[in-house]
Amino acid sequence: MLWDIDHTLIETRGVGFAIYQRAFRASTGHPLQQLAQVAGRTELDIMRETLRINGIEPTSEAVTSLARALTQGYDEARNELASTGRALPGAARTLSLLADQPTVHQGVLTGNLEDVARIKLDVFDLTKYLDLHTSAYGNDHTERADLVKIAQERARTRLNATFSNSHTVLLGDTPNDIHAAISAGVRSIGVATGKSSVEDLKHAGAHGVLPDLGNLATATELIFAVADQS
Ligand SMILES: [Mg+2]
């Protein structure tokens with residue numbers, strides 16, 4: 001199981017955007033005039049486009065500097081994140097139940113930078129359910145679909161077990177999460193707690209869609225059904 005983070009497990013409720021504004025100014029010396037579309041994209045992709053649309057050449061130095069400022073920004077905003085943001089209803093219970101299953105191995109597949117992903121999961125106390133070493137992050141590759149192979153390979157190396165495409169499930173809130181799964185040839189479940197509706201996620205081609213993680217029985221039943229399809 002490879003979980004997306006933002007709007008699937010947690011939401012920052014504006015704190016993420018505020019951090020981006022502060023980090024952009026700290027790293028470039030300019031105010032952030034426009035942020036690239038972020039939903040379902042990798043941070044490498046978002047940072048490059050954001051620099052470009054704000055008139056700054058996205059050199060590797062500029063991208064590295066912005067990534068460092070973002071990580072520092074999240075680290076300094078842990079209290080703000082904890083008080084304003086939240087884990088989505090049912091996220092912790094669902095992760096906890098799946099973590100207890102001997103046939104399930106859980107990580108994240110997220111557009112977030114690895115250090116930022118770790119901070120978000122720590123702040124909302126979700127890290128204990130996930131193997132962050134067999135996960136893939138927004139600084140591993142610009143293309144979300146390519147993160148799937150990276151996570152599978154990390155899991156294979158670390159656990160000495162093969163995670164085939166038919167036994168790999170991506171869970172996310174955007175059509176981009178579903179498209180990444182289809183492109184990588186793995187299964188997917190849409191969770192409609194972001195901007196996309198159940199219909200949007202079905203239309204994108206998800207194997208299954210949940211309105212949210214609020215109902216533990218419904219969520220786990222669907223997750224197991226999708227994971228067991230052959
Ligand atoms: Mg998301």
# chains A, B, ... in the order shown; residues from 1 in each chain; ligands from 1

$ residues_around --residues "Thr84 in chain A" --least-positions-apart "2" --cutoff "12 Å" --atoms "only C-alpha atoms" --output "PyMOL selection string"
chain A and resi 10-16+18+77-82+86-87+123-124

$ write_last_selection --atoms "all heavy atoms" --output "short mmCIF file (atom, residue, chain, number, x, y, z; two decimals), in the first residue's frame"
data_model
loop_
_atom_site.label_atom_id
_atom_site.label_comp_id
_atom_site.auth_asym_id
_atom_site.auth_seq_id
_atom_site.Cartn_x
_atom_site.Cartn_y
_atom_site.Cartn_z
N ILE A 10 -3.71 13.64 5.51
CA ILE A 10 -3.70 14.86 6.33
C ILE A 10 -4.10 16.07 5.49
O ILE A 10 -4.15 15.99 4.26
CB ILE A 10 -2.28 15.17 6.90
CG1 ILE A 10 -1.31 15.60 5.76
CG2 ILE A 10 -1.70 13.97 7.64
CD1 ILE A 10 -0.40 16.70 6.15
N GLU A 11 -4.37 17.20 6.16
CA GLU A 11 -4.47 18.47 5.44
C GLU A 11 -3.85 19.56 6.30
O GLU A 11 -3.98 19.55 7.52
CB GLU A 11 -5.91 18.79 5.03
CG GLU A 11 -6.92 18.75 6.13
CD GLU A 11 -8.36 18.81 5.62
OE1 GLU A 11 -8.62 18.64 4.42
OE2 GLU A 11 -9.23 19.05 6.47
N THR A 12 -3.12 20.48 5.65
CA THR A 12 -2.42 21.52 6.41
C THR A 12 -3.31 22.74 6.63
O THR A 12 -2.99 23.61 7.42
CB THR A 12 -1.13 21.99 5.70
OG1 THR A 12 -1.46 22.78 4.55
CG2 THR A 12 -0.25 20.81 5.29
N ARG A 13 -4.42 22.82 5.93
CA ARG A 13 -5.40 23.91 6.03
C ARG A 13 -4.74 25.29 5.94
O ARG A 13 -4.91 26.15 6.81
CB ARG A 13 -6.23 23.75 7.30
CG ARG A 13 -7.02 22.44 7.26
CD ARG A 13 -8.25 22.45 8.12
NE ARG A 13 -8.01 21.97 9.44
CZ ARG A 13 -8.96 21.51 10.26
NH1 ARG A 13 -10.22 21.47 9.86
NH2 ARG A 13 -8.67 21.10 11.45
N GLY A 14 -3.97 25.45 4.90
CA GLY A 14 -3.37 26.77 4.61
C GLY A 14 -1.95 26.94 5.11
O GLY A 14 -1.23 27.82 4.66
N VAL A 15 -1.53 26.10 6.05
CA VAL A 15 -0.18 26.26 6.62
C VAL A 15 0.88 25.95 5.55
O VAL A 15 1.91 26.62 5.47
CB VAL A 15 0.02 25.37 7.87
CG1 VAL A 15 1.44 25.48 8.40
CG2 VAL A 15 -0.99 25.76 8.95
N GLY A 16 0.60 24.95 4.72
CA GLY A 16 1.55 24.60 3.65
C GLY A 16 1.80 25.77 2.71
O GLY A 16 2.95 26.04 2.35
N ALA A 18 1.38 29.00 3.44
CA ALA A 18 2.10 30.05 4.19
C ALA A 18 3.59 29.72 4.26
O ALA A 18 4.44 30.60 4.11
CB ALA A 18 1.50 30.18 5.59
N ALA A 77 7.67 25.19 11.58
CA ALA A 77 6.22 25.40 11.70
C ALA A 77 5.50 24.18 12.28
O ALA A 77 4.28 24.04 12.13
CB ALA A 77 5.64 25.74 10.33
N ARG A 78 6.23 23.29 12.95
CA ARG A 78 5.59 22.08 13.49
C ARG A 78 4.39 22.41 14.38
O ARG A 78 3.34 21.78 14.27
CB ARG A 78 6.61 21.25 14.29
CG ARG A 78 7.56 20.44 13.43
CD ARG A 78 8.65 19.81 14.28
NE ARG A 78 9.67 19.17 13.47
CZ ARG A 78 9.70 17.86 13.18
NH1 ARG A 78 8.78 17.06 13.65
NH2 ARG A 78 10.66 17.38 12.42
N ASN A 79 4.55 23.40 15.26
CA ASN A 79 3.44 23.73 16.18
C ASN A 79 2.24 24.30 15.43
O ASN A 79 1.09 23.97 15.72
CB ASN A 79 3.90 24.73 17.25
CG ASN A 79 4.88 24.09 18.20
OD1 ASN A 79 4.96 22.86 18.30
ND2 ASN A 79 5.67 24.92 18.88
N GLU A 80 2.54 25.16 14.45
CA GLU A 80 1.49 25.78 13.64
C GLU A 80 0.74 24.69 12.84
O GLU A 80 -0.49 24.70 12.75
CB GLU A 80 2.18 26.77 12.68
CG GLU A 80 1.28 27.70 11.92
CD GLU A 80 2.09 28.58 10.94
OE1 GLU A 80 3.34 28.58 11.01
OE2 GLU A 80 1.45 29.24 10.11
N LEU A 81 1.52 23.73 12.31
CA LEU A 81 0.91 22.62 11.57
C LEU A 81 0.01 21.79 12.48
O LEU A 81 -1.11 21.43 12.11
CB LEU A 81 2.01 21.68 11.05
CG LEU A 81 2.46 21.75 9.61
CD1 LEU A 81 3.52 20.68 9.38
CD2 LEU A 81 1.30 21.57 8.64
N ALA A 82 0.50 21.51 13.67
CA ALA A 82 -0.25 20.67 14.61
C ALA A 82 -1.55 21.35 15.03
O ALA A 82 -2.58 20.70 15.18
CB ALA A 82 0.60 20.35 15.83
N ARG A 86 -4.62 19.00 10.30
CA ARG A 86 -5.16 17.82 10.99
C ARG A 86 -4.90 16.55 10.17
O ARG A 86 -4.72 16.61 8.95
CB ARG A 86 -6.66 17.96 11.22
CG ARG A 86 -7.46 18.04 9.93
CD ARG A 86 -8.96 17.91 10.19
NE ARG A 86 -9.69 17.88 8.92
CZ ARG A 86 -10.96 17.52 8.80
NH1 ARG A 86 -11.66 17.18 9.88
NH2 ARG A 86 -11.56 17.52 7.62
N ALA A 87 -4.90 15.44 10.88
CA ALA A 87 -4.99 14.15 10.18
C ALA A 87 -6.44 14.02 9.77
O ALA A 87 -7.35 14.39 10.53
CB ALA A 87 -4.60 13.02 11.11
N VAL A 123 4.19 15.09 12.82
CA VAL A 123 3.33 16.05 13.51
C VAL A 123 1.95 15.44 13.79
O VAL A 123 1.36 15.66 14.84
CB VAL A 123 3.20 17.35 12.66
CG1 VAL A 123 2.00 18.18 13.09
CG2 VAL A 123 4.48 18.17 12.75
N PHE A 124 1.45 14.63 12.86
CA PHE A 124 0.12 14.04 13.04
C PHE A 124 0.18 12.60 13.54
O PHE A 124 -0.81 11.87 13.48
CB PHE A 124 -0.70 14.19 11.75
CG PHE A 124 -0.89 15.64 11.37
CD1 PHE A 124 -0.23 16.18 10.27
CD2 PHE A 124 -1.66 16.47 12.16
CE1 PHE A 124 -0.37 17.53 9.95
CE2 PHE A 124 -1.80 17.82 11.85
CZ PHE A 124 -1.16 18.34 10.74
#

$ closest_atom_pairs --of "chain A" --to "ligand 1" --cutoff "7 Å" --atoms "only C-alpha atoms and all ligand atoms" --output "JSON lines"
{"residue": "A:Asp4", "atom": "CA", "partner": "ligand 1", "partner_atom_place_in_ligand_line": "1 (Mg)", "distance": 5.4}
{"residue": "A:Ile5", "atom": "CA", "partner": "ligand 1", "partner_atom_place_in_ligand_line": "1 (Mg)", "distance": 5.6}
{"residue": "A:Asp6", "atom": "CA", "partner": "ligand 1", "partner_atom_place_in_ligand_line": "1 (Mg)", "distance": 4.1}
{"residue": "A:His7", "atom": "CA", "partner": "ligand 1", "partner_atom_place_in_ligand_line": "1 (Mg)", "distance": 4.8}
{"residue": "A:Thr8", "atom": "CA", "partner": "ligand 1", "partner_atom_place_in_ligand_line": "1 (Mg)", "distance": 5.6}
{"residue": "A:Ala39", "atom": "CA", "partner": "ligand 1", "partner_atom_place_in_ligand_line": "1 (Mg)", "distance": 6.1}
{"residue": "A:Gly40", "atom": "CA", "partner": "ligand 1", "partner_atom_place_in_ligand_line": "1 (Mg)", "distance": 5.3}
{"residue": "A:Gly172", "atom": "CA", "partner": "ligand 1", "partner_atom_place_in_ligand_line": "1 (Mg)", "distance": 5.7}
{"residue": "A:Asp173", "atom": "CA", "partner": "ligand 1", "partner_atom_place_in_ligand_line": "1 (Mg)", "distance": 5.0}
{"residue": "A:Thr174", "atom": "CA", "partner": "ligand 1", "partner_atom_place_in_ligand_line": "1 (Mg)", "distance": 6.1}
{"residue": "A:Gly194", "atom": "CA", "partner": "ligand 1", "partner_atom_place_in_ligand_line": "1 (Mg)", "distance": 6.9}

$ write_last_selection --atoms "C-alpha atoms" --output "compact mmCIF listing (two decimals), in the first residue's frame"
# COMPACT_ATOMS: atom_id res chain seq x y z
CA ASP A 4 -0.39 9.81 -0.85
CA ILE A 5 -0.14 12.27 2.07
CA ASP A 6 -1.84 15.63 1.39
CA HIS A 7 -5.64 15.48 1.34
CA THR A 8 -5.51 11.69 1.62
CA ALA A 39 -2.40 18.84 -6.57
CA GLY A 40 -0.97 15.43 -7.35
CA GLY A 172 -4.55 9.16 -3.38
CA ASP A 173 -6.97 12.06 -3.72
CA THR A 174 -6.25 13.37 -7.23
CA GLY A 194 -9.28 16.64 -1.72

$ residues_around --residues "range 212-223 of chain A" --least-positions-apart "2" --cutoff "12 Å" --atoms "only C-alpha atoms" --output "NGL selection string"
:A and (1-3 or 7-10 or 87-99 or 101 or 104 or 167-173 or 187-194 or 196-198 or 206-210 or 225-229)

$ write_last_selection --atoms "C-alpha atoms" --output "tab-separated table (two decimals), in the first residue's frame"
chain	number	residue	atom	x	y	z
A	1	MET	CA	0.00	0.00	0.00
A	2	LEU	CA	1.50	3.30	-1.05
A	3	TRP	CA	-0.28	6.28	0.43
A	7	HIS	CA	-5.64	15.48	1.34
A	8	THR	CA	-5.51	11.69	1.62
A	9	LEU	CA	-4.07	11.27	5.14
A	10	ILE	CA	-3.70	14.86	6.33
A	87	ALA	CA	-4.99	14.15	10.18
A	88	LEU	CA	-8.10	13.38	8.14
A	89	PRO	CA	-10.87	11.53	9.99
A	90	GLY	CA	-10.24	7.79	9.96
A	91	ALA	CA	-6.69	8.04	8.57
A	92	ALA	CA	-4.92	6.89	11.73
A	93	ARG	CA	-7.40	4.06	12.39
A	94	THR	CA	-7.18	2.78	8.81
A	95	LEU	CA	-3.37	2.88	8.81
A	96	SER	CA	-3.30	1.20	12.20
A	97	LEU	CA	-5.61	-1.63	11.15
A	98	LEU	CA	-3.63	-2.27	7.97
A	99	ALA	CA	-0.33	-2.10	9.85
A	101	GLN	CA	-2.12	-7.23	8.86
A	104	VAL	CA	0.24	-5.76	4.19
A	167	HIS	CA	0.06	-6.46	-5.39
A	168	THR	CA	0.91	-2.76	-5.32
A	169	VAL	CA	-1.89	-0.31	-4.52
A	170	LEU	CA	-1.63	3.48	-4.68
A	171	LEU	CA	-4.10	5.48	-2.60
A	172	GLY	CA	-4.55	9.16	-3.38
A	173	ASP	CA	-6.97	12.06	-3.72
A	187	ARG	CA	-3.76	-0.75	-8.73
A	188	SER	CA	-5.29	2.41	-7.31
A	189	ILE	CA	-7.87	3.67	-4.88
A	190	GLY	CA	-9.17	7.22	-4.95
A	191	VAL	CA	-10.02	8.93	-1.67
A	192	ALA	CA	-12.23	11.95	-2.35
A	193	THR	CA	-11.08	14.15	0.54
A	194	GLY	CA	-9.28	16.64	-1.72
A	196	SER	CA	-11.64	15.89	-6.70
A	197	SER	CA	-15.01	14.16	-6.35
A	198	VAL	CA	-15.76	10.45	-6.23
A	206	ALA	CA	-9.38	4.15	-10.11
A	207	HIS	CA	-10.02	0.49	-9.23
A	208	GLY	CA	-12.06	1.71	-6.29
A	209	VAL	CA	-13.07	5.04	-4.74
A	210	LEU	CA	-13.88	6.03	-1.17
A	225	ALA	CA	-10.91	-6.10	-2.43
A	226	VAL	CA	-8.70	-3.99	-4.71
A	227	ALA	CA	-5.49	-5.53	-3.36
A	228	ASP	CA	-6.80	-9.07	-3.88
A	229	GLN	CA	-8.09	-8.64	-7.42

$ closest_residue --among "A:Ile46, A:Leu70, A:Ala184, A:Ala62" --to "Arg22 in chain A" --atoms "only C-alpha atoms"
A:Leu70

$ residues_around --residues "Asp146 in chain A" --least-positions-apart "5" --cutoff "10 Å" --atoms "only C-alpha atoms" --output "count of residues only"
8

$ select_by_dssp --residues "range 108-182 of chain A" --states "helix (DSSP H, G or I)" --output "ChimeraX atom specification"
/A:114-123,127-129,144-159,165-167,175-182

$ closest_residue --among "A:Arg41, A:Leu126, A:Lys120, A:Ser83" --to "Ala145 in chain A" --atoms "only C-alpha atoms"
A:Arg41

$ residues_around --residues "Ala155 in chain A" --least-positions-apart "5" --cutoff "9 Å" --atoms "only C-alpha atoms" --output "ChimeraX atom specification"
/A:105,133-135,150,160-163

$ atom_distance --atom1 "CA of Ser60 in chain A" --atom2 "CA of Ile119 in chain A"
23.7 Å

$ closest_residue --among "A:Gln106, A:Thr142, A:Asn54, A:Asn112" --to "Tyr74 in chain A" --atoms "only C-alpha atoms"
A:Asn112

$ residues_around --residues "Gln72 in chain A" --least-positions-apart "3" --cutoff "12 Å" --atoms "only C-alpha atoms" --output "list in words"
Ile19, Tyr20, Arg22, Ala23, Phe24, Ala26, Ser27, Ser65, Leu66, Ala67, Arg68, Ala69, Asp75, Glu76, Ala77, Arg78, Leu113, Asp115, Val116 and Ile119 of chain A

$ residues_around --residues "Gly138 in chain A" --least-positions-apart "5" --cutoff "9 Å" --atoms "only C-alpha atoms" --output "list of chain:residue names"
A:Arg41, A:Thr42, A:Glu43, A:Leu44, A:Asp45, A:Leu109, A:Thr110, A:Gly111, A:Asn112, A:Leu113, A:Glu114, A:Glu143, A:Arg144, A:Leu147

$ closest_residue --among "A:Leu35, A:Leu159, A:Val148, A:Leu121" --to "Gln21 in chain A" --atoms "only C-alpha atoms"
A:Leu35

$ atom_distance --atom1 "CA of Leu32 in chain A" --atom2 "CA of Thr71 in chain A"
16.8 Å

$ select_by_dssp --residues "range 151-193 of chain A" --states "strand (DSSP E)" --output "PyMOL selection string"
chain A and resi 169-172+187-191

$ atom_distance --atom1 "CA of Ser166 in chain A" --atom2 "CA of Val186 in chain A"
5.8 Å

$ decode --residues "range 205-217 of chain A" --atoms "all heavy atoms" --output "CSV table (one decimal), in the first residue's frame"
chain,number,residue,atom,x,y,z
A,205,GLY,N,-10.1,6.4,-13.6
A,205,GLY,CA,-9.8,5.0,-13.8
A,205,GLY,C,-9.4,4.3,-12.5
A,205,GLY,O,-8.8,3.2,-12.6
A,206,ALA,N,-9.7,4.8,-11.4
A,206,ALA,CA,-9.4,4.1,-10.1
A,206,ALA,C,-10.1,2.8,-10.0
A,206,ALA,O,-11.2,2.7,-10.5
A,206,ALA,CB,-9.8,5.0,-8.9
A,207,HIS,N,-9.4,1.8,-9.4
A,207,HIS,CA,-10.0,0.5,-9.2
A,207,HIS,C,-11.1,0.6,-8.2
A,207,HIS,O,-12.1,-0.2,-8.2
A,207,HIS,CB,-9.0,-0.5,-8.8
A,207,HIS,CG,-8.0,-0.9,-9.8
A,207,HIS,ND1,-6.9,-0.2,-10.1
A,207,HIS,CD2,-8.0,-1.9,-10.7
A,207,HIS,CE1,-6.2,-0.7,-11.1
A,207,HIS,NE2,-6.8,-1.8,-11.5
A,208,GLY,N,-11.0,1.5,-7.3
A,208,GLY,CA,-12.1,1.7,-6.3
A,208,GLY,C,-12.0,3.1,-5.8
A,208,GLY,O,-10.9,3.8,-5.9
A,209,VAL,N,-13.1,3.7,-5.3
A,209,VAL,CA,-13.1,5.0,-4.7
A,209,VAL,C,-13.8,5.1,-3.4
A,209,VAL,O,-14.9,4.5,-3.3
A,209,VAL,CB,-13.7,6.0,-5.7
A,209,VAL,CG1,-13.7,7.4,-5.2
A,209,VAL,CG2,-13.0,6.0,-7.1
A,210,LEU,N,-13.2,5.8,-2.5
A,210,LEU,CA,-13.9,6.0,-1.2
A,210,LEU,C,-14.2,7.5,-1.0
A,210,LEU,O,-13.4,8.4,-1.4
A,210,LEU,CB,-12.9,5.6,0.0
A,210,LEU,CG,-12.6,4.2,0.1
A,210,LEU,CD1,-11.3,4.0,1.0
A,210,LEU,CD2,-13.8,3.4,0.7
A,211,PRO,N,-15.3,7.9,-0.4
A,211,PRO,CA,-15.6,9.3,-0.2
A,211,PRO,C,-14.6,9.9,0.8
A,211,PRO,O,-14.3,11.1,0.7
A,211,PRO,CB,-17.0,9.3,0.3
A,211,PRO,CG,-17.3,7.9,0.9
A,211,PRO,CD,-16.4,7.0,0.1
A,212,ASP,N,-14.2,9.0,1.8
A,212,ASP,CA,-13.2,9.5,2.8
A,212,ASP,C,-12.8,8.2,3.5
A,212,ASP,O,-13.2,7.1,3.2
A,212,ASP,CB,-13.9,10.5,3.8
A,212,ASP,CG,-15.2,9.9,4.3
A,212,ASP,OD1,-15.2,8.8,4.9
A,212,ASP,OD2,-16.2,10.6,4.2
A,213,LEU,N,-12.0,8.4,4.6
A,213,LEU,CA,-11.5,7.2,5.4
A,213,LEU,C,-12.3,7.1,6.7
A,213,LEU,O,-12.0,6.3,7.6
A,213,LEU,CB,-10.0,7.3,5.7
A,213,LEU,CG,-9.1,7.3,4.4
A,213,LEU,CD1,-7.7,7.6,4.9
A,213,LEU,CD2,-9.2,6.0,3.7
A,214,GLY,N,-13.4,7.8,6.7
A,214,GLY,CA,-14.2,7.9,8.0
A,214,GLY,C,-14.8,6.6,8.4
A,214,GLY,O,-15.0,6.3,9.6
A,215,ASN,N,-15.2,5.7,7.5
A,215,ASN,CA,-15.8,4.4,7.9
A,215,ASN,C,-14.8,3.3,7.7
A,215,ASN,O,-14.5,2.9,6.6
A,215,ASN,CB,-17.1,4.2,7.0
A,215,ASN,CG,-17.8,2.9,7.4
A,215,ASN,OD1,-17.2,1.9,7.7
A,215,ASN,ND2,-19.1,3.0,7.4
A,216,LEU,N,-14.3,2.8,8.8
A,216,LEU,CA,-13.2,1.9,8.8
A,216,LEU,C,-13.6,0.6,8.1
A,216,LEU,O,-12.8,0.1,7.3
A,216,LEU,CB,-12.8,1.5,10.3
A,216,LEU,CG,-11.6,0.7,10.5
A,216,LEU,CD1,-10.4,1.4,10.0
A,216,LEU,CD2,-11.4,0.3,11.9
A,217,ALA,N,-14.8,0.1,8.3
A,217,ALA,CA,-15.2,-1.2,7.7
A,217,ALA,C,-15.3,-1.0,6.1
A,217,ALA,O,-14.7,-1.8,5.4
A,217,ALA,CB,-16.6,-1.6,8.2
